[in-house]
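**Student:** For reference, the file upload27.txt (compact mmCIF, C-alpha atoms and all ligand atoms) is included below:
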```txt
# COMPACT_ATOMS: atom_id res chain seq x y z
CA MET X 435 0.00 0.00 0.00
CA SER X 436 1.59 3.28 -1.02
CA ASP X 437 -0.05 6.66 -1.39
CA SER X 438 -3.51 5.07 -1.61
CA GLN X 439 -3.22 4.20 2.10
CA PRO X 440 -5.47 6.62 3.96
CA GLU X 441 -4.34 8.33 7.14
CA GLY X 442 -6.04 7.65 10.45
CA TYR X 443 -6.64 4.79 12.83
CA VAL X 444 -7.93 2.50 10.12
CA GLY X 445 -8.71 2.89 6.44
CA LEU X 446 -12.01 1.81 4.94
CA HIS X 447 -12.42 1.20 1.23
CA GLN X 448 -15.25 -0.24 -0.75
CA LEU X 449 -13.82 -2.42 -3.52
CA ARG X 450 -15.54 -2.28 -6.87
CA GLY X 451 -14.94 -3.77 -10.28
CA LEU X 452 -14.76 -7.33 -9.01
CA SER X 453 -16.47 -10.40 -10.36
CA MET X 454 -17.26 -13.36 -8.16
CA LEU X 455 -17.86 -16.91 -9.29
CA THR X 456 -19.25 -19.66 -7.10
CA LEU X 457 -18.09 -23.17 -7.88
CA ARG X 458 -19.84 -26.12 -6.25
CA ALA X 459 -17.89 -29.35 -6.57
CA ASN X 460 -16.12 -31.96 -4.48
CA LEU X 461 -13.14 -29.86 -3.47
CA SER X 462 -11.15 -32.82 -2.19
CA ALA X 463 -11.07 -34.42 -5.65
CA THR X 464 -7.63 -34.17 -7.26
CA LYS X 465 -8.97 -33.58 -10.78
CA ILE X 466 -11.12 -30.69 -9.56
CA LYS X 467 -8.22 -29.09 -7.70
CA SER X 468 -5.78 -29.40 -10.58
CA GLY X 469 -8.38 -28.12 -13.07
CA ILE X 470 -9.04 -25.02 -10.98
CA LYS X 471 -5.32 -24.43 -10.57
CA LYS X 472 -4.83 -24.71 -14.31
CA ALA X 473 -7.74 -22.42 -15.16
CA THR X 474 -6.91 -19.67 -12.66
CA GLY X 475 -3.15 -19.97 -12.23
CA LEU X 476 -3.56 -19.85 -8.46
CA ASP X 477 -2.67 -22.43 -5.85
CA PHE X 478 -5.69 -24.31 -4.54
CA PRO X 479 -6.52 -22.97 -1.06
CA LYS X 480 -6.26 -25.18 2.00
CA HIS X 481 -9.24 -25.82 4.26
CA GLY X 482 -10.40 -22.49 5.75
CA MET X 483 -7.94 -20.42 3.71
CA HIS X 484 -7.72 -18.35 0.54
CA THR X 485 -5.01 -17.81 -2.03
CA SER X 486 -4.47 -14.66 -4.00
CA ASN X 487 -2.19 -12.88 -6.43
CA GLY X 488 -3.58 -9.42 -5.86
CA ALA X 489 -6.66 -8.96 -8.01
CA LYS X 490 -7.46 -12.65 -8.37
CA SER X 491 -8.25 -14.97 -5.46
CA LEU X 492 -9.65 -18.36 -4.56
CA GLY X 493 -11.51 -18.85 -1.29
CA TRP X 494 -12.43 -22.08 0.52
CA MET X 495 -16.09 -21.55 1.47
CA SER X 496 -17.10 -25.09 2.52
CA PRO X 497 -16.08 -28.67 1.63
CA ASP X 498 -18.01 -28.28 -1.64
CA GLU X 499 -17.93 -24.57 -2.38
CA LEU X 500 -15.15 -22.42 -3.79
CA LEU X 501 -15.30 -18.67 -4.33
CA ILE X 502 -13.37 -17.27 -7.27
CA ILE X 503 -12.78 -13.51 -7.34
CA VAL X 504 -11.43 -11.89 -10.47
CA ASP X 505 -11.27 -8.45 -12.04
CA SER X 506 -14.56 -7.84 -13.92
CA ASP X 507 -12.66 -7.63 -17.20
CA GLU X 508 -11.47 -11.22 -16.74
CA CYS X 509 -14.80 -12.72 -15.72
CA VAL X 510 -15.93 -14.14 -19.06
CA GLN X 511 -12.49 -15.54 -19.83
CA THR X 512 -12.25 -17.15 -16.38
CA ILE X 513 -15.62 -18.87 -16.78
CA GLU X 514 -14.48 -20.19 -20.16
CA ASN X 515 -11.16 -21.42 -18.74
CA LEU X 516 -12.87 -23.16 -15.82
CA ASN X 517 -15.45 -24.87 -18.00
CA LYS X 518 -12.69 -26.06 -20.28
CA ALA X 519 -10.42 -27.27 -17.47
CA LEU X 520 -13.24 -29.03 -15.62
CA VAL X 521 -15.02 -30.61 -18.57
CA GLY X 522 -16.51 -33.99 -17.64
CA GLN X 523 -16.39 -33.22 -13.91
CA HIS X 524 -19.51 -32.92 -11.77
CA ILE X 525 -19.55 -29.19 -11.05
CA LEU X 526 -21.80 -26.17 -10.90
CA LEU X 527 -20.33 -22.80 -11.83
CA GLU X 528 -22.32 -19.63 -11.41
CA ASP X 529 -21.49 -15.96 -11.90
CA MET X 530 -22.41 -14.29 -8.61
CA SER X 531 -20.70 -11.00 -9.41
CA ASP X 532 -23.50 -8.67 -8.48
CA ALA X 533 -24.70 -10.60 -5.46
CA ARG X 534 -21.97 -9.41 -3.14
CA ALA X 535 -20.12 -6.30 -2.01
CA MET X 536 -16.59 -6.09 -0.68
CA PHE X 537 -14.85 -3.75 1.76
CA ARG X 538 -11.24 -3.45 2.79
CA LEU X 539 -10.00 -2.37 6.19
CA SER X 540 -6.36 -1.34 6.35
CA GLY X 541 -3.96 -0.25 9.03
CA LYS X 542 -2.21 -1.91 11.94
CA ASN X 543 -5.30 -1.92 14.19
CA ILE X 544 -7.68 -3.84 11.97
CA ARG X 545 -7.80 -6.87 14.28
CA GLU X 546 -9.23 -4.68 17.04
CA VAL X 547 -11.83 -3.21 14.71
CA LEU X 548 -12.76 -6.66 13.44
CA ALA X 549 -13.19 -7.86 17.02
CA LYS X 550 -16.02 -5.34 17.40
CA LEU X 551 -17.90 -6.93 14.50
CA VAL X 552 -17.51 -10.70 14.62
CA PRO X 553 -17.91 -13.46 17.24
CA PHE X 554 -14.63 -15.29 16.53
CA ASP X 555 -11.07 -14.85 17.79
CA THR X 556 -9.48 -12.19 15.58
CA SER X 557 -5.98 -12.52 17.05
CA HIS X 558 -3.04 -13.91 15.04
CA SER X 559 -3.60 -17.39 16.46
CA GLY X 560 -7.33 -17.41 15.69
CA PHE X 561 -7.23 -15.64 12.35
CA ALA X 562 -3.88 -15.99 10.62
CA VAL X 563 -2.92 -14.23 7.40
CA GLY X 564 -4.44 -16.23 4.54
CA SER X 565 -7.52 -17.25 6.52
CA LEU X 566 -11.05 -16.99 5.19
CA VAL X 567 -13.82 -17.17 7.75
CA ARG X 568 -17.51 -17.12 6.95
CA THR X 569 -19.25 -15.50 9.85
CA ARG X 570 -21.58 -12.64 10.71
CA PHE X 571 -20.93 -8.90 10.94
CA ALA X 572 -23.24 -7.78 13.73
CA GLN X 573 -26.57 -8.97 12.30
CA VAL X 574 -25.75 -10.02 8.74
CA ALA X 575 -23.86 -12.88 7.13
CA GLY X 576 -20.45 -12.20 5.63
CA ALA X 577 -16.93 -13.45 5.12
CA ALA X 578 -13.57 -12.09 6.22
CA PHE X 579 -10.37 -12.58 4.23
CA MET X 580 -7.17 -11.86 6.15
CA THR X 581 -5.10 -10.74 3.18
CA SER X 582 -2.03 -9.43 5.03
CA ASN X 583 -0.99 -8.35 8.52
CA ASP X 584 -2.56 -4.95 7.98
CA THR X 585 -5.39 -5.58 5.54
CA VAL X 586 -8.59 -7.53 5.87
CA GLU X 587 -11.30 -7.76 3.23
CA LEU X 588 -14.93 -8.17 4.22
CA MET X 589 -17.57 -9.56 1.93
CA CYS X 590 -21.33 -9.28 2.39
CA PHE X 591 -24.45 -9.51 0.29
CA ARG X 592 -24.94 -6.40 -1.82
CA SER X 593 -28.45 -5.98 -0.42
CA VAL X 594 -26.90 -5.23 2.99
CA GLN X 595 -23.86 -3.26 1.81
CA ASP X 596 -25.21 0.03 3.19
CA TYR X 597 -25.77 -1.62 6.55
CA VAL X 598 -22.24 -3.05 6.61
CA PHE X 599 -20.65 0.20 5.41
CA GLY X 600 -22.53 2.11 8.12
CA LEU X 601 -21.66 -0.53 10.68
CA LEU X 602 -17.96 -0.32 9.88
CA GLN X 603 -17.99 3.47 10.12
CA GLU X 604 -19.91 3.39 13.36
CA ARG X 605 -17.69 0.79 15.02
CA ILE X 606 -14.51 2.56 13.99
CA ALA X 607 -15.76 6.03 14.93
CA THR X 608 -17.31 4.95 18.24
CA TRP X 609 -14.53 2.76 19.54
CA PHE X 610 -11.44 4.19 17.98
CA ARG X 611 -10.12 7.59 17.08
CA GLY X 612 -10.22 8.61 13.49
CA LEU X 613 -11.48 7.05 10.35
CA SER X 614 -10.75 7.72 6.74
CA ILE X 615 -12.90 6.47 3.94
CA ALA X 616 -12.11 6.07 0.29
CA VAL X 617 -13.92 4.30 -2.48
CA SER X 618 -11.65 2.47 -4.89
CA LEU X 619 -12.79 1.75 -8.38
CA LYS X 620 -10.45 -1.20 -8.76
CA LYS X 621 -9.12 -3.66 -6.29
CA ASN X 622 -5.54 -2.56 -6.85
CA MET L 262 -22.75 -18.99 25.70
CA LEU L 263 -22.66 -22.20 23.74
CA VAL L 264 -19.70 -22.77 21.40
CA LEU L 265 -19.72 -25.75 19.04
CA ASN L 266 -16.95 -26.86 16.71
CA CYS L 267 -18.30 -27.38 13.20
CA PRO L 268 -16.87 -30.68 11.90
CA TYR L 269 -17.03 -29.44 8.29
CA CYS L 270 -15.22 -26.09 8.44
CA GLY L 271 -13.39 -27.05 11.63
CA LEU L 272 -14.04 -23.72 13.33
CA ASP L 273 -15.43 -23.02 16.78
CA LYS L 274 -18.76 -21.40 16.14
CA ASP L 275 -20.58 -19.17 18.56
CA GLU L 276 -24.22 -20.02 19.27
CA THR L 277 -25.22 -16.83 17.43
CA GLU L 278 -23.68 -18.19 14.22
CA LEU L 279 -25.60 -21.46 14.41
CA SER L 280 -29.22 -22.47 14.04
CA ALA L 281 -30.66 -25.22 16.17
CA GLY L 282 -32.28 -28.13 14.36
CA GLY L 283 -33.80 -30.10 17.23
CA GLU L 284 -33.28 -33.73 18.13
CA ALA L 285 -30.75 -35.78 16.17
CA HIS L 286 -30.97 -39.32 14.78
CA LEU L 287 -34.69 -39.29 13.97
CA LYS L 288 -35.86 -42.04 11.68
CA ARG L 289 -38.21 -40.81 9.01
CA PHE L 290 -41.58 -42.49 8.66
CA GLY L 291 -43.21 -41.28 5.45
CA PRO L 292 -46.08 -42.38 3.21
CA GLY L 293 -47.17 -45.97 3.87
CA SER L 294 -46.11 -45.99 7.52
CA SER L 295 -48.53 -46.54 10.39
CA ASP L 296 -50.29 -43.58 11.97
CA GLU L 297 -48.39 -44.18 15.23
CA ASP L 298 -44.99 -44.18 13.53
CA PHE L 299 -45.85 -41.11 11.48
CA GLU L 300 -47.11 -39.24 14.54
CA GLY L 301 -43.96 -40.21 16.44
CA TYR L 302 -41.74 -39.03 13.61
CA LEU L 303 -43.53 -35.70 13.41
CA PHE L 304 -44.14 -34.87 17.05
CA GLU L 305 -42.45 -37.11 19.61
CA ARG L 306 -39.27 -35.54 20.89
CA THR L 307 -37.26 -36.28 23.99
CA ASN L 308 -36.55 -33.30 26.21
CA PRO L 309 -33.94 -34.58 28.63
CA LYS L 310 -32.30 -32.74 31.50
CA GLY L 311 -28.77 -33.91 30.87
CA LEU L 312 -27.26 -35.72 27.88
CA HIS L 313 -28.84 -34.85 24.56
CA PHE L 314 -28.05 -35.37 20.89
CA GLU L 315 -28.98 -32.47 18.66
CA ARG L 316 -28.77 -31.24 15.08
CA TRP L 317 -27.16 -27.87 14.46
CA ARG L 318 -26.48 -25.91 11.30
CA CYS L 319 -23.36 -23.85 10.69
CA ALA L 320 -25.74 -21.16 9.41
CA PHE L 321 -23.42 -18.14 9.21
CA GLY L 322 -20.44 -20.37 8.37
CA CYS L 323 -20.12 -23.18 5.86
CA GLY L 324 -23.85 -23.89 5.85
CA LYS L 325 -23.59 -27.58 6.74
CA TRP L 326 -25.74 -29.53 9.18
CA PHE L 327 -23.90 -31.41 11.92
CA HIS L 328 -24.62 -33.25 15.16
CA ALA L 329 -23.69 -32.32 18.71
CA ALA L 330 -23.70 -34.34 21.94
CA ARG L 331 -24.05 -32.07 24.94
CA CYS L 332 -25.56 -31.72 28.38
CA THR L 333 -28.67 -29.53 28.51
CA ALA L 334 -28.22 -28.92 32.25
CA THR L 335 -24.56 -27.83 32.35
CA LEU L 336 -24.08 -26.88 28.67
CA GLU L 337 -21.00 -29.14 28.63
CA VAL L 338 -20.27 -30.20 25.06
CA PHE L 339 -19.11 -33.82 24.71
CA GLY L 340 -18.38 -33.48 21.03
CA THR L 341 -19.66 -32.71 17.55
CA TYR L 342 -19.70 -34.99 14.54
CA LYS L 343 -20.73 -35.08 10.91
CA ALA L 344 -24.35 -35.74 10.00
CA GLN L 345 -23.71 -38.64 7.61
CA THR L 346 -24.21 -41.27 10.31
CA LEU L 347 -27.12 -43.13 11.87
CA GLU L 348 -25.65 -43.12 15.37
CA PRO L 349 -23.00 -41.27 17.37
CA PRO L 350 -19.45 -42.39 16.48
CA LYS L 351 -17.46 -44.40 19.01
CA VAL L 352 -15.16 -41.52 19.97
CA ILE L 353 -18.16 -39.45 21.03
CA LYS L 354 -19.70 -42.38 22.93
CA ASP L 355 -16.38 -42.96 24.72
CA VAL L 356 -16.18 -39.34 25.83
CA ILE L 357 -19.73 -39.52 27.20
CA THR L 358 -19.01 -42.83 28.97
CA THR L 359 -16.02 -41.21 30.69
CA LYS L 360 -18.02 -38.23 31.85
CA ARG L 361 -21.49 -39.78 32.37
CA PRO L 362 -20.91 -43.50 33.17
CA GLY L 363 -23.98 -45.64 32.54
CA TRP L 364 -25.57 -43.10 30.19
CA SER L 365 -28.39 -43.93 27.83
CA TRP L 366 -30.37 -41.91 25.29
CA ARG L 367 -33.18 -43.39 23.17
CA ASN L 368 -31.67 -46.64 21.83
CA PHE L 369 -28.07 -45.62 22.40
CA SER L 370 -25.94 -46.32 25.43
ZN ZN H 701 -19.08 -24.99 9.39
```
Would you mind writing the file out in structure tokens?
**Tutor:**
Amino acid sequence: MSDSQPEGYVGLHQLRGLSMLTLRANLSATKIKSGIKKATGLDFPKHGMHTSNGAKSLGWMSPDELLIIVDSDECVQTIENLNKALVGQHILLEDMSDARAMFRLSGKNIREVLAKLVPFDTSHSGFAVGSLVRTRFAQVAGAAFMTSNDTVELMCFRSVQDYVFGLLQERIATWFRGLSIAVSLKKN
Amino acid sequence: MLVLNCPYCGLDKDETELSAGGEAHLKRFGPGSSDEDFEGYLFERTNPKGLHFERWRCAFGCGKWFHAARCTATLEVFGTYKAQTLEPPKVIKDVITTKRPGWSWRNFS
């Protein structure tokens, strides 16, 4: 993070321009794993984790659900690659791009902010870098991606994005000093 | 506060992230069964003070249904296990036997 890093206790961005694909399949099958790796160029995530190369990421959602996040420009191509790499396998691939919204918290205090939102242990031991936890943010369902030691990305349904955005602002402003908000048009 | 470990995602889930699904290990009696069996399947539930086997769903997590063995009086959790089974696995039974010797529940002991 360079000059895009906002000042203040914690930075809050809404990430736009992302496409999300949901893949339902037996994620312990070797052919499925290797096909996904081939189609996306990313390592297959371990149980409860995600892998990423910046704009593109794979997230382990459940034993039979994988989330694939790509730049919107790459969405069509990614679907094509996946269908090609997984031909003959028992899968279901759906473009969920507009179903969800994504926020990024940045700064060294994000674990404390996160602890005000979720019921799980947000310390290093409970939520290591690379983790993906599906949980709730106050009253709505969501998922948290620990992308680095000072960034965490939060995903929720788009229908509740205003609630989550307000919630994040309120928690940061009420419990901690200072908040800066920026809306990014692209993930990077 | 009740915390159960989901055997599918492997995470400790707070009660507020779960939804309760009632008694576990029910046998379904559908069309063609006797009225008594059908009534029992629909309505008869045990409500013990002590050891109980329940269904829970990792509702805000991975979305899977799982089973939990716990004590309704002390909230002690003996263990959780996957739902693809007709009876509690031996490891769970062994834990219960250690902590509640001579236990029985429905047809299990
Ligand atoms: Zn789970």
**Student:** Just want the residues within 6 Å of ligand ZN 701 (chain H), written as a PyMOL selection string, counting all atoms listed in the file.
**Tutor:** chain L and resi 267+269-270+319+322-323+325
**Student:** Please, what distance in Å, to one decimal, runs between atom CA of L:Pro268 and atom CA of X:Ser531?
**Tutor:**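 Between atom CA of L:Pro268 and atom CA of X:Ser531 the gap works out to 29.3 Å.
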**Student:** Would you work out the distance separating atom CA of X:Lys480 from atom CA of X:Trp494, expressed in Å to one decimal?
**Tutor:**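 Taking atom CA of X:Lys480 as the start and atom CA of X:Trp494 as the end point, the length is 7.1 Å.
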**Student:** Pick the closest to chain L from X:Met495, X:Val598, X:Leu500, X:Met454: which is it, counting only C-alpha atoms?
**Tutor:**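 Closest to chain L, using only C-alpha atoms: X:Met495.
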**Student:** When you look at stretch 563-568 of chain X with a cut-off of 6 Å (counting all atoms listed in the file), what residues show up, excluding the ones that are within fewer than 2 positions of it in the same chain? I need them as a PyMOL selection string.
**Tutor:** (chain X and resi 482-484+576-582) or (chain L and resi 322)
**Student:** Residues of chain X within 10 Å of chain L, using only C-alpha atoms, as a PyMOL selection string?
**Tutor:** chain X and resi 481-482+494-499+552-555+560+567-577
**Student:** Which polymer residues have any atom within 10 Å of an atom of L:Leu336, counting all atoms listed in the file, with same-chain residues fewer than 6 positions away left out, as a PyMOL selection string?
**Tutor:** chain L and resi 262-264+311-312
**Student:** What's the separation between atom CA of X:Leu452 and atom CA of X:Asn517, in Å to one decimal place?
**Tutor:** 19.7 Å
**Student:** Can you tell me which residues surround X:Ser540 at a distance of at most 9 Å, considering only C-alpha atoms, apart from same-chain residues fewer than 2 positions away, and format the answer as a list in words?
**Tutor:**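 In the requested form, the answer reads Gln439, Pro440, Tyr443, Val444, Gly445, Leu446, His447, Arg538, Lys542, Asn543, Ile544, Asp584, Thr585, Val586 and Glu587 of chain X.
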**Student:** Counting all atoms listed in the file, what is within 6 Å of X:Leu501, bar same-chain residues fewer than 5 positions away, as a list in words?
**Tutor:** Leu455, Thr456, Leu492 and Gly493 of chain X
